[in-house]
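So this block is final.txt, compact mmCIF, C-alpha atoms:
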```txt
# COMPACT_ATOMS: atom_id res chain seq x y z
CA MET A 1 -38.24 -38.21 -22.62
CA LYS A 2 -37.07 -41.70 -23.41
CA ASP A 3 -34.58 -40.32 -25.93
CA SER A 4 -33.12 -37.86 -23.48
CA PHE A 5 -32.55 -40.70 -21.01
CA LYS A 6 -30.83 -42.61 -23.76
CA ASN A 7 -28.65 -39.62 -24.61
CA VAL A 8 -27.54 -39.27 -20.99
CA ILE A 9 -26.64 -42.94 -20.79
CA ASP A 10 -24.80 -42.86 -24.11
CA ALA A 11 -22.86 -39.79 -22.99
CA LEU A 12 -21.82 -41.61 -19.81
CA PHE A 13 -20.56 -44.57 -21.78
CA LEU A 14 -18.73 -42.34 -24.22
CA ASN A 15 -16.84 -40.89 -21.27
CA HIS A 16 -16.31 -44.39 -20.08
CA TYR A 17 -14.66 -45.21 -23.39
CA TYR A 18 -12.20 -42.34 -22.93
CA VAL A 19 -11.50 -43.43 -19.37
CA ARG A 20 -10.69 -46.87 -20.70
CA GLN A 21 -8.34 -45.43 -23.31
CA PHE A 22 -6.66 -43.30 -20.66
CA LEU A 23 -6.18 -46.31 -18.39
CA SER A 24 -4.82 -48.45 -21.17
CA ILE A 25 -2.19 -45.76 -21.85
CA ILE A 26 -1.17 -45.80 -18.18
CA VAL A 27 -0.76 -49.55 -18.02
CA SER A 28 0.14 -50.48 -21.57
CA SER A 29 3.87 -49.80 -21.32
CA LYS A 30 4.52 -53.16 -19.76
CA HIS A 31 2.42 -55.92 -18.34
CA ASN A 32 3.19 -55.31 -14.70
CA LYS A 33 1.56 -57.58 -12.15
CA THR A 34 1.92 -55.35 -9.13
CA LYS A 35 0.48 -52.41 -11.01
CA THR A 36 -2.42 -54.52 -12.24
CA ILE A 37 -3.21 -55.72 -8.73
CA LEU A 38 -3.07 -52.21 -7.29
CA ILE A 39 -5.32 -50.75 -9.98
CA THR A 40 -7.87 -53.57 -9.79
CA LEU A 41 -7.92 -53.22 -5.98
CA PHE A 42 -8.51 -49.50 -6.43
CA PHE A 43 -11.53 -50.23 -8.61
CA PHE A 44 -12.91 -52.73 -6.09
CA PHE A 45 -12.51 -50.10 -3.40
CA LEU A 46 -14.11 -47.39 -5.56
CA ALA A 47 -17.08 -49.69 -6.28
CA GLY A 48 -17.49 -50.29 -2.55
CA LEU A 49 -17.46 -46.56 -1.80
CA CYS A 50 -20.05 -45.84 -4.52
CA GLU A 51 -22.30 -48.63 -3.29
CA ILE A 52 -22.12 -47.59 0.35
CA GLY A 53 -22.38 -43.88 -0.55
CA GLY A 54 -25.39 -44.38 -2.83
CA GLY A 55 -27.09 -46.64 -0.29
CA TYR A 56 -26.44 -44.09 2.45
CA LEU A 57 -28.02 -41.25 0.44
CA ILE A 58 -31.17 -43.37 -0.05
CA TRP A 59 -31.06 -44.16 3.68
CA LEU A 60 -30.98 -40.43 4.47
CA TRP A 61 -34.04 -39.91 2.29
CA LEU A 62 -36.21 -42.73 3.68
CA ARG A 63 -35.00 -43.28 7.23
CA ASP A 64 -33.84 -39.82 8.24
CA ASN A 65 -36.62 -38.00 6.37
CA MET A 66 -34.32 -35.80 4.36
CA GLY A 67 -35.06 -34.50 0.86
CA TRP A 68 -36.16 -36.78 -1.99
CA TYR A 69 -33.42 -35.34 -4.19
CA LEU A 70 -30.89 -37.11 -1.94
CA GLY A 71 -32.62 -40.39 -2.79
CA LEU A 72 -32.48 -39.56 -6.48
CA LEU A 73 -28.79 -38.70 -6.21
CA GLY A 74 -28.26 -41.97 -4.34
CA GLY A 75 -29.85 -43.89 -7.21
CA PHE A 76 -27.50 -42.17 -9.63
CA VAL A 77 -24.46 -43.01 -7.49
CA LEU A 78 -25.60 -46.67 -7.45
CA PHE A 79 -25.80 -46.50 -11.23
CA LEU A 80 -22.20 -45.25 -11.31
CA TYR A 81 -21.28 -48.06 -8.91
CA ALA A 82 -22.35 -50.61 -11.51
CA ILE A 83 -20.19 -48.97 -14.17
CA VAL A 84 -17.00 -49.36 -12.11
CA PRO A 85 -16.69 -53.19 -12.39
CA THR A 86 -16.83 -52.92 -16.19
CA PHE A 87 -13.33 -51.41 -15.97
CA GLN A 88 -12.08 -54.67 -14.48
CA PRO A 89 -10.51 -57.33 -16.65
CA SER A 90 -12.04 -60.82 -16.30
CA HIS A 91 -15.50 -62.42 -16.30
CA PHE A 92 -18.61 -60.88 -14.78
CA HIS A 93 -19.21 -63.54 -12.15
CA ARG A 94 -15.54 -63.66 -11.11
CA ILE A 95 -15.40 -59.88 -10.63
CA TYR A 96 -18.63 -59.88 -8.62
CA ALA A 97 -17.62 -62.85 -6.46
CA ALA A 98 -14.29 -61.18 -5.65
CA TYR A 99 -16.13 -57.94 -4.96
CA GLY A 100 -18.26 -59.82 -2.41
CA GLY A 101 -15.07 -60.64 -0.51
CA ILE A 102 -13.92 -57.02 -0.68
CA PHE A 103 -17.34 -56.09 0.66
CA ILE A 104 -16.83 -58.30 3.73
CA ILE A 105 -13.57 -56.49 4.49
CA MET A 106 -15.09 -53.06 3.91
CA SER A 107 -18.09 -53.81 6.12
CA VAL A 108 -15.79 -54.61 9.05
CA LEU A 109 -13.84 -51.39 8.40
CA TRP A 110 -17.12 -49.48 8.05
CA GLY A 111 -18.33 -50.72 11.43
CA TRP A 112 -15.02 -49.73 12.95
CA ILE A 113 -14.76 -46.23 11.49
CA PHE A 114 -18.39 -45.08 11.45
CA GLU A 115 -20.10 -47.13 14.14
CA GLY A 116 -17.15 -47.31 16.55
CA ILE A 117 -17.24 -51.12 16.74
CA ALA A 118 -13.58 -52.13 17.01
CA PRO A 119 -12.93 -55.44 15.24
CA ASP A 120 -12.46 -58.29 17.71
CA ASN A 121 -10.31 -61.38 17.13
CA TYR A 122 -13.07 -63.14 15.17
CA ASP A 123 -13.53 -60.13 12.90
CA ILE A 124 -9.79 -60.00 12.21
CA ILE A 125 -9.51 -63.75 11.53
CA GLY A 126 -12.60 -63.66 9.30
CA THR A 127 -11.31 -60.65 7.39
CA ILE A 128 -7.93 -62.27 6.75
CA ILE A 129 -9.68 -65.43 5.50
CA ALA A 130 -11.88 -63.29 3.22
CA ILE A 131 -8.76 -61.59 1.81
CA ILE A 132 -7.26 -65.02 1.06
CA GLY A 133 -10.53 -65.97 -0.65
CA VAL A 134 -10.46 -62.87 -2.85
CA ALA A 135 -6.83 -63.56 -3.76
CA ILE A 136 -7.72 -67.10 -4.85
CA ILE A 137 -10.84 -66.08 -6.80
CA TYR A 138 -9.43 -63.08 -8.60
CA TYR A 139 -5.63 -63.06 -8.55
CA MET A 140 -4.76 -66.70 -9.06
CA PRO A 141 -3.24 -66.89 -12.55
CA ARG A 142 -5.21 -69.18 -14.88
CA ARG A 143 -3.23 -71.29 -17.26
CA ASP A 144 -5.82 -71.17 -20.05
CA GLU A 145 -6.02 -67.38 -20.08
CA LYS A 146 -3.22 -65.80 -22.05
CA GLU A 147 -1.71 -62.64 -20.69
CA ARG A 148 -3.11 -59.51 -22.21
CA PRO A 149 -3.18 -55.86 -21.26
CA ILE A 150 -6.12 -55.08 -19.00
CA TRP A 151 -8.94 -52.82 -20.18
CA GLN A 152 -8.42 -54.09 -23.67
CA SER A 153 -11.61 -52.99 -25.32
CA LYS A 154 -13.56 -55.47 -27.37
CA GLN A 155 -14.00 -53.06 -30.24
CA MET B 1 -41.33 -39.76 3.83
CA ALA B 2 -41.22 -42.33 6.61
CA ILE B 3 -40.83 -46.02 5.98
CA GLU B 4 -41.94 -49.07 7.95
CA THR B 5 -39.26 -51.60 8.87
CA VAL B 6 -39.93 -55.31 8.52
CA ASP B 7 -39.97 -58.16 11.01
CA PRO B 8 -36.41 -59.31 11.90
CA ILE B 9 -37.22 -62.80 10.62
CA LEU B 10 -37.35 -61.39 7.09
CA ALA B 11 -33.81 -59.95 7.27
CA GLY B 12 -32.22 -63.03 5.66
CA PRO B 13 -34.62 -63.29 2.69
CA LEU B 14 -34.34 -59.52 2.20
CA PHE B 15 -30.58 -59.78 1.87
CA PHE B 16 -30.95 -62.57 -0.68
CA ILE B 17 -33.38 -60.47 -2.73
CA ALA B 18 -30.96 -57.54 -2.43
CA ALA B 19 -28.09 -59.65 -3.77
CA ILE B 20 -30.14 -60.81 -6.77
CA MET B 21 -31.18 -57.23 -7.57
CA GLU B 22 -27.69 -55.84 -7.15
CA ILE B 23 -26.14 -58.48 -9.39
CA GLY B 24 -29.02 -58.27 -11.88
CA GLY B 25 -28.86 -54.48 -12.16
CA GLY B 26 -25.09 -54.59 -12.47
CA TYR B 27 -25.39 -57.28 -15.12
CA LEU B 28 -27.71 -55.16 -17.30
CA ILE B 29 -25.23 -52.27 -17.19
CA TRP B 30 -22.40 -54.73 -17.87
CA LEU B 31 -24.30 -55.94 -20.97
CA ARG B 32 -24.52 -52.39 -22.30
CA ILE B 33 -20.84 -51.58 -21.78
CA ARG B 34 -18.99 -54.85 -22.29
CA GLU B 35 -21.32 -56.65 -24.68
CA LYS B 36 -22.46 -53.51 -26.57
CA ARG B 37 -26.15 -54.20 -26.05
CA LYS B 38 -29.00 -51.66 -26.00
CA SER B 39 -28.90 -48.58 -23.77
CA THR B 40 -32.41 -49.39 -22.59
CA LEU B 41 -30.94 -52.34 -20.67
CA ALA B 42 -28.64 -49.99 -18.76
CA LEU B 43 -31.62 -47.77 -17.94
CA PHE B 44 -33.50 -50.74 -16.48
CA GLY B 45 -30.31 -51.72 -14.64
CA GLY B 46 -30.18 -48.26 -13.07
CA ILE B 47 -33.82 -48.49 -11.96
CA ILE B 48 -33.25 -51.95 -10.44
CA LEU B 49 -30.21 -50.64 -8.54
CA PHE B 50 -32.25 -47.72 -7.23
CA VAL B 51 -34.88 -50.13 -5.90
CA TYR B 52 -32.04 -52.26 -4.50
CA GLY B 53 -30.86 -49.19 -2.57
CA ILE B 54 -34.25 -48.99 -0.84
CA ILE B 55 -34.12 -52.57 0.53
CA PRO B 56 -31.56 -51.96 3.33
CA THR B 57 -33.75 -49.14 4.66
CA LEU B 58 -36.40 -51.81 5.39
CA GLN B 59 -33.98 -53.71 7.64
CA PRO B 60 -34.89 -53.49 11.31
CA SER B 61 -31.63 -52.48 12.99
CA HIS B 62 -28.06 -51.37 12.55
CA PHE B 63 -26.03 -53.55 10.28
CA GLY B 64 -22.54 -53.87 11.71
CA ARG B 65 -21.51 -57.46 11.11
CA VAL B 66 -24.69 -58.36 9.25
CA TYR B 67 -23.15 -56.72 6.20
CA ALA B 68 -20.31 -59.23 6.31
CA ALA B 69 -22.93 -61.99 6.03
CA TYR B 70 -24.39 -60.15 3.06
CA GLY B 71 -20.93 -60.28 1.44
CA GLY B 72 -21.01 -64.07 1.79
CA ILE B 73 -24.51 -64.30 0.27
CA PHE B 74 -23.34 -62.01 -2.52
CA ILE B 75 -20.36 -64.24 -3.42
CA ILE B 76 -22.51 -67.38 -3.67
CA SER B 77 -25.15 -65.49 -5.69
CA SER B 78 -22.50 -64.22 -8.13
CA ILE B 79 -21.19 -67.71 -8.83
CA ILE B 80 -24.76 -69.04 -9.29
CA TRP B 81 -25.55 -66.09 -11.56
CA GLY B 82 -22.55 -66.85 -13.76
CA ARG B 83 -23.55 -70.52 -13.91
CA ILE B 84 -27.21 -69.96 -14.80
CA ILE B 85 -27.32 -66.67 -16.73
CA ASP B 86 -23.85 -66.53 -18.32
CA LYS B 87 -23.60 -70.33 -18.69
CA LYS B 88 -20.06 -70.17 -17.32
CA LYS B 89 -19.02 -73.01 -15.09
CA PRO B 90 -17.05 -71.73 -12.12
CA ASP B 91 -13.44 -72.88 -12.33
CA ARG B 92 -11.51 -74.55 -9.52
CA TYR B 93 -10.09 -71.36 -8.05
CA GLU B 94 -13.44 -69.56 -8.12
CA ILE B 95 -15.02 -72.39 -6.13
CA ILE B 96 -12.14 -72.74 -3.64
CA GLY B 97 -11.80 -68.97 -3.18
CA SER B 98 -15.55 -68.52 -2.72
CA VAL B 99 -15.70 -71.24 -0.08
CA VAL B 100 -12.76 -69.63 1.73
CA ALA B 101 -14.30 -66.13 1.63
CA VAL B 102 -17.69 -67.44 2.81
CA ILE B 103 -15.95 -69.18 5.74
CA GLY B 104 -14.44 -65.79 6.60
CA ALA B 105 -17.89 -64.16 6.53
CA ALA B 106 -19.35 -66.99 8.64
CA ILE B 107 -16.64 -66.53 11.29
CA ILE B 108 -17.41 -62.81 11.51
CA PHE B 109 -21.17 -63.39 11.66
CA TYR B 110 -21.53 -66.55 13.74
CA ALA B 111 -18.64 -66.27 16.21
CA PRO B 112 -19.98 -66.46 19.80
CA ARG B 113 -19.48 -63.15 21.57
```

Any chance you could give the structure as structure tokens?
Amino acid sequence: MKDSFKNVIDALFLNHYYVRQFLSIIVSSKHNKTKTILITLFFFFLAGLCEIGGGYLIWLWLRDNMGWYLGLLGGFVLFLYAIVPTFQPSHFHRIYAAYGGIFIIMSVLWGWIFEGIAPDNYDIIGTIIAIIGVAIIYYMPRRDEKERPIWQSKQ
Amino acid sequence: MAIETVDPILAGPLFFIAAIMEIGGGYLIWLRIREKRKSTLALFGGIILFVYGIIPTLQPSHFGRVYAAYGGIFIISSIIWGRIIDKKKPDRYEIIGSVVAVIGAAIIFYAPR
């Protein structure tokens, strides 16, 4: 049982390795800042969707009394959510801190789209400030970090 | 399977526990992929994230703007996590950016309406 779990996890990370290779081919032609920003933003967004989606499936199971298999699926989606940030270049804590800012923005959008709460002036001001915060945390170039292609694998 | 919700006074602590579990679970999976550590760690990470997913269902009401506050808690927790667990001192831009983003969250959460 334990081994089969391990095999599943190893298979996931093998795929992950190929994804990484694929991405490095896309971006390796030239170090392009705009492209890097767009792709990293895409991964932040994807992580947010997986987190909200996985959490929602567990919510359906426990709060809306739907099937347990939805909860199990939700747990798996949350597992996938944690894999997404490993595609990001940079340090763990910097990626997660920036993701927190993305999360603030997405929560306002979530309330707007799914709960029908239109953002008021305070929401808009707060969201813009959060965007500035993310830009400073994650996209401010650091002098001590030499430029390198993103998704450069350690191996 | 029905679940009991908690007293509203516990909402804040619950969010803090959620942030620690989310970052901790993510960190275990990060260790497996980026640091090439054991797969067992990733398995534990997955279990922790599953439990993390249960926590919001204990919250008493609809989230709306409360989630924005959680984003702020999450940012601070991430920086503290990096400092304590990864032994990486936050650099200038991480500190400034985090303060800015948390101000944004505070405006969304605390603005009088």

Counting all atoms listed in the file, figure out which residue out of A:Gly67, A:Pro89, A:Gly101, A:Gly55 gets nearest to Ser78 in chain B. A:Gly101

My list of candidates is A:Thr127, A:Thr34, A:Ser90, A:Thr40. Which is closest to chain B when distances are computed with all atoms listed in the file?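 Using all atoms listed in the file, the shortest distance to chain B belongs to A:Thr127.
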
Return the neighbours of chain B among the residues of chain A, cut-off 6 Å, counting all atoms listed in the file, as a PDB file with C-alpha atoms, in the frame of the given file.
```
ATOM      1  CA  GLY A  55     -27.090 -46.640  -0.290  1.00  0.00           C
ATOM      2  CA  TRP A  59     -31.060 -44.160   3.680  1.00  0.00           C
ATOM      3  CA  LEU A  62     -36.210 -42.730   3.680  1.00  0.00           C
ATOM      4  CA  ASN A  65     -36.620 -38.000   6.370  1.00  0.00           C
ATOM      5  CA  GLY A  75     -29.850 -43.890  -7.210  1.00  0.00           C
ATOM      6  CA  PHE A  79     -25.800 -46.500 -11.230  1.00  0.00           C
ATOM      7  CA  ALA A  82     -22.350 -50.610 -11.510  1.00  0.00           C
ATOM      8  CA  HIS A  93     -19.210 -63.540 -12.150  1.00  0.00           C
ATOM      9  CA  TYR A  96     -18.630 -59.880  -8.620  1.00  0.00           C
ATOM     10  CA  ALA A  97     -17.620 -62.850  -6.460  1.00  0.00           C
ATOM     11  CA  GLY A 100     -18.260 -59.820  -2.410  1.00  0.00           C
ATOM     12  CA  GLY A 101     -15.070 -60.640  -0.510  1.00  0.00           C
ATOM     13  CA  PHE A 103     -17.340 -56.090   0.660  1.00  0.00           C
ATOM     14  CA  ILE A 104     -16.830 -58.300   3.730  1.00  0.00           C
ATOM     15  CA  SER A 107     -18.090 -53.810   6.120  1.00  0.00           C
ATOM     16  CA  GLY A 111     -18.330 -50.720  11.430  1.00  0.00           C
ATOM     17  CA  TYR A 122     -13.070 -63.140  15.170  1.00  0.00           C
ATOM     18  CA  ASP A 123     -13.530 -60.130  12.900  1.00  0.00           C
ATOM     19  CA  GLY A 126     -12.600 -63.660   9.300  1.00  0.00           C
ATOM     20  CA  ILE A 129      -9.680 -65.430   5.500  1.00  0.00           C
ATOM     21  CA  ALA A 130     -11.880 -63.290   3.220  1.00  0.00           C
ATOM     22  CA  GLY A 133     -10.530 -65.970  -0.650  1.00  0.00           C
ATOM     23  CA  ILE A 136      -7.720 -67.100  -4.850  1.00  0.00           C
ATOM     24  CA  ILE A 137     -10.840 -66.080  -6.800  1.00  0.00           C
TER      25      ILE A 137
END
```

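Reported to one decimal place, the separation of CA of Tyr138 in chain A from CA of Ala98 in chain A is 6.0 Å.
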
Expressed in Å, the length from CA of Ile113 in chain A to CA of Asp7 in chain B is 27.9 Å

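Note that the spacing between CA of Phe76 in chain A and CA of Met21 in chain B amounts to 15.6 Å.
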
Range 87-100 of chain B: axis-aligned bounding box, 6 Å on each side, centre and edge lengths in Å, one decimal, as JSON:
```
{"center_x": -16.8, "center_y": -71.5, "center_z": -8.5, "size_x": 25.5, "size_y": 18.0, "size_z": 32.4}
```

Can you complete the atoms of range 32-53 of chain B to N, CA and C atoms and list them as a PDB file, keeping the file's coordinate frame?
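Output file out.pdb follows:
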```pdb
ATOM      1  N   ARG B  32     -24.592 -53.572 -21.450  1.00  0.00           N
ATOM      2  CA  ARG B  32     -24.520 -52.390 -22.300  1.00  0.00           C
ATOM      3  C   ARG B  32     -23.057 -52.038 -22.614  1.00  0.00           C
ATOM      4  N   ILE B  33     -22.201 -52.073 -21.600  1.00  0.00           N
ATOM      5  CA  ILE B  33     -20.840 -51.580 -21.780  1.00  0.00           C
ATOM      6  C   ILE B  33     -19.930 -52.637 -22.389  1.00  0.00           C
ATOM      7  N   ARG B  34     -19.951 -53.845 -21.837  1.00  0.00           N
ATOM      8  CA  ARG B  34     -18.990 -54.850 -22.290  1.00  0.00           C
ATOM      9  C   ARG B  34     -19.482 -55.637 -23.487  1.00  0.00           C
ATOM     10  N   GLU B  35     -20.794 -55.840 -23.574  1.00  0.00           N
ATOM     11  CA  GLU B  35     -21.320 -56.650 -24.680  1.00  0.00           C
ATOM     12  C   GLU B  35     -21.969 -55.790 -25.756  1.00  0.00           C
ATOM     13  N   LYS B  36     -21.917 -54.454 -25.573  1.00  0.00           N
ATOM     14  CA  LYS B  36     -22.460 -53.510 -26.570  1.00  0.00           C
ATOM     15  C   LYS B  36     -23.935 -53.755 -26.880  1.00  0.00           C
ATOM     16  N   ARG B  37     -24.707 -54.027 -25.836  1.00  0.00           N
ATOM     17  CA  ARG B  37     -26.150 -54.200 -26.050  1.00  0.00           C
ATOM     18  C   ARG B  37     -26.864 -52.870 -25.884  1.00  0.00           C
ATOM     19  N   LYS B  38     -28.216 -52.906 -25.968  1.00  0.00           N
ATOM     20  CA  LYS B  38     -29.000 -51.660 -26.000  1.00  0.00           C
ATOM     21  C   LYS B  38     -28.865 -50.812 -24.721  1.00  0.00           C
ATOM     22  N   SER B  39     -28.959 -49.491 -24.912  1.00  0.00           N
ATOM     23  CA  SER B  39     -28.900 -48.580 -23.770  1.00  0.00           C
ATOM     24  C   SER B  39     -30.086 -48.767 -22.839  1.00  0.00           C
ATOM     25  N   THR B  40     -31.215 -49.189 -23.414  1.00  0.00           N
ATOM     26  CA  THR B  40     -32.410 -49.390 -22.590  1.00  0.00           C
ATOM     27  C   THR B  40     -32.125 -50.356 -21.439  1.00  0.00           C
ATOM     28  N   LEU B  41     -31.295 -51.368 -21.717  1.00  0.00           N
ATOM     29  CA  LEU B  41     -30.940 -52.340 -20.670  1.00  0.00           C
ATOM     30  C   LEU B  41     -30.282 -51.632 -19.497  1.00  0.00           C
ATOM     31  N   ALA B  42     -29.352 -50.701 -19.822  1.00  0.00           N
ATOM     32  CA  ALA B  42     -28.640 -49.990 -18.760  1.00  0.00           C
ATOM     33  C   ALA B  42     -29.612 -49.136 -17.949  1.00  0.00           C
ATOM     34  N   LEU B  43     -30.620 -48.572 -18.641  1.00  0.00           N
ATOM     35  CA  LEU B  43     -31.620 -47.770 -17.940  1.00  0.00           C
ATOM     36  C   LEU B  43     -32.390 -48.630 -16.938  1.00  0.00           C
ATOM     37  N   PHE B  44     -32.824 -49.817 -17.390  1.00  0.00           N
ATOM     38  CA  PHE B  44     -33.500 -50.740 -16.480  1.00  0.00           C
ATOM     39  C   PHE B  44     -32.569 -51.146 -15.339  1.00  0.00           C
ATOM     40  N   GLY B  45     -31.292 -51.371 -15.662  1.00  0.00           N
ATOM     41  CA  GLY B  45     -30.310 -51.720 -14.640  1.00  0.00           C
ATOM     42  C   GLY B  45     -30.242 -50.647 -13.572  1.00  0.00           C
ATOM     43  N   GLY B  46     -30.226 -49.375 -14.015  1.00  0.00           N
ATOM     44  CA  GLY B  46     -30.180 -48.260 -13.070  1.00  0.00           C
ATOM     45  C   GLY B  46     -31.398 -48.236 -12.165  1.00  0.00           C
ATOM     46  N   ILE B  47     -32.582 -48.500 -12.755  1.00  0.00           N
ATOM     47  CA  ILE B  47     -33.820 -48.490 -11.960  1.00  0.00           C
ATOM     48  C   ILE B  47     -33.786 -49.626 -10.933  1.00  0.00           C
ATOM     49  N   ILE B  48     -33.333 -50.810 -11.366  1.00  0.00           N
ATOM     50  CA  ILE B  48     -33.250 -51.950 -10.440  1.00  0.00           C
ATOM     51  C   ILE B  48     -32.309 -51.632  -9.285  1.00  0.00           C
ATOM     52  N   LEU B  49     -31.170 -50.972  -9.598  1.00  0.00           N
ATOM     53  CA  LEU B  49     -30.210 -50.640  -8.540  1.00  0.00           C
ATOM     54  C   LEU B  49     -30.781 -49.611  -7.578  1.00  0.00           C
ATOM     55  N   PHE B  50     -31.602 -48.709  -8.094  1.00  0.00           N
ATOM     56  CA  PHE B  50     -32.250 -47.720  -7.230  1.00  0.00           C
ATOM     57  C   PHE B  50     -33.181 -48.422  -6.241  1.00  0.00           C
ATOM     58  N   VAL B  51     -33.979 -49.359  -6.768  1.00  0.00           N
ATOM     59  CA  VAL B  51     -34.880 -50.130  -5.900  1.00  0.00           C
ATOM     60  C   VAL B  51     -34.064 -50.949  -4.897  1.00  0.00           C
ATOM     61  N   TYR B  52     -32.937 -51.508  -5.386  1.00  0.00           N
ATOM     62  CA  TYR B  52     -32.040 -52.260  -4.500  1.00  0.00           C
ATOM     63  C   TYR B  52     -31.587 -51.387  -3.324  1.00  0.00           C
ATOM     64  N   GLY B  53     -31.325 -50.104  -3.611  1.00  0.00           N
ATOM     65  CA  GLY B  53     -30.860 -49.190  -2.570  1.00  0.00           C
ATOM     66  C   GLY B  53     -31.894 -48.954  -1.488  1.00  0.00           C
TER      67      GLY B  53
END
```
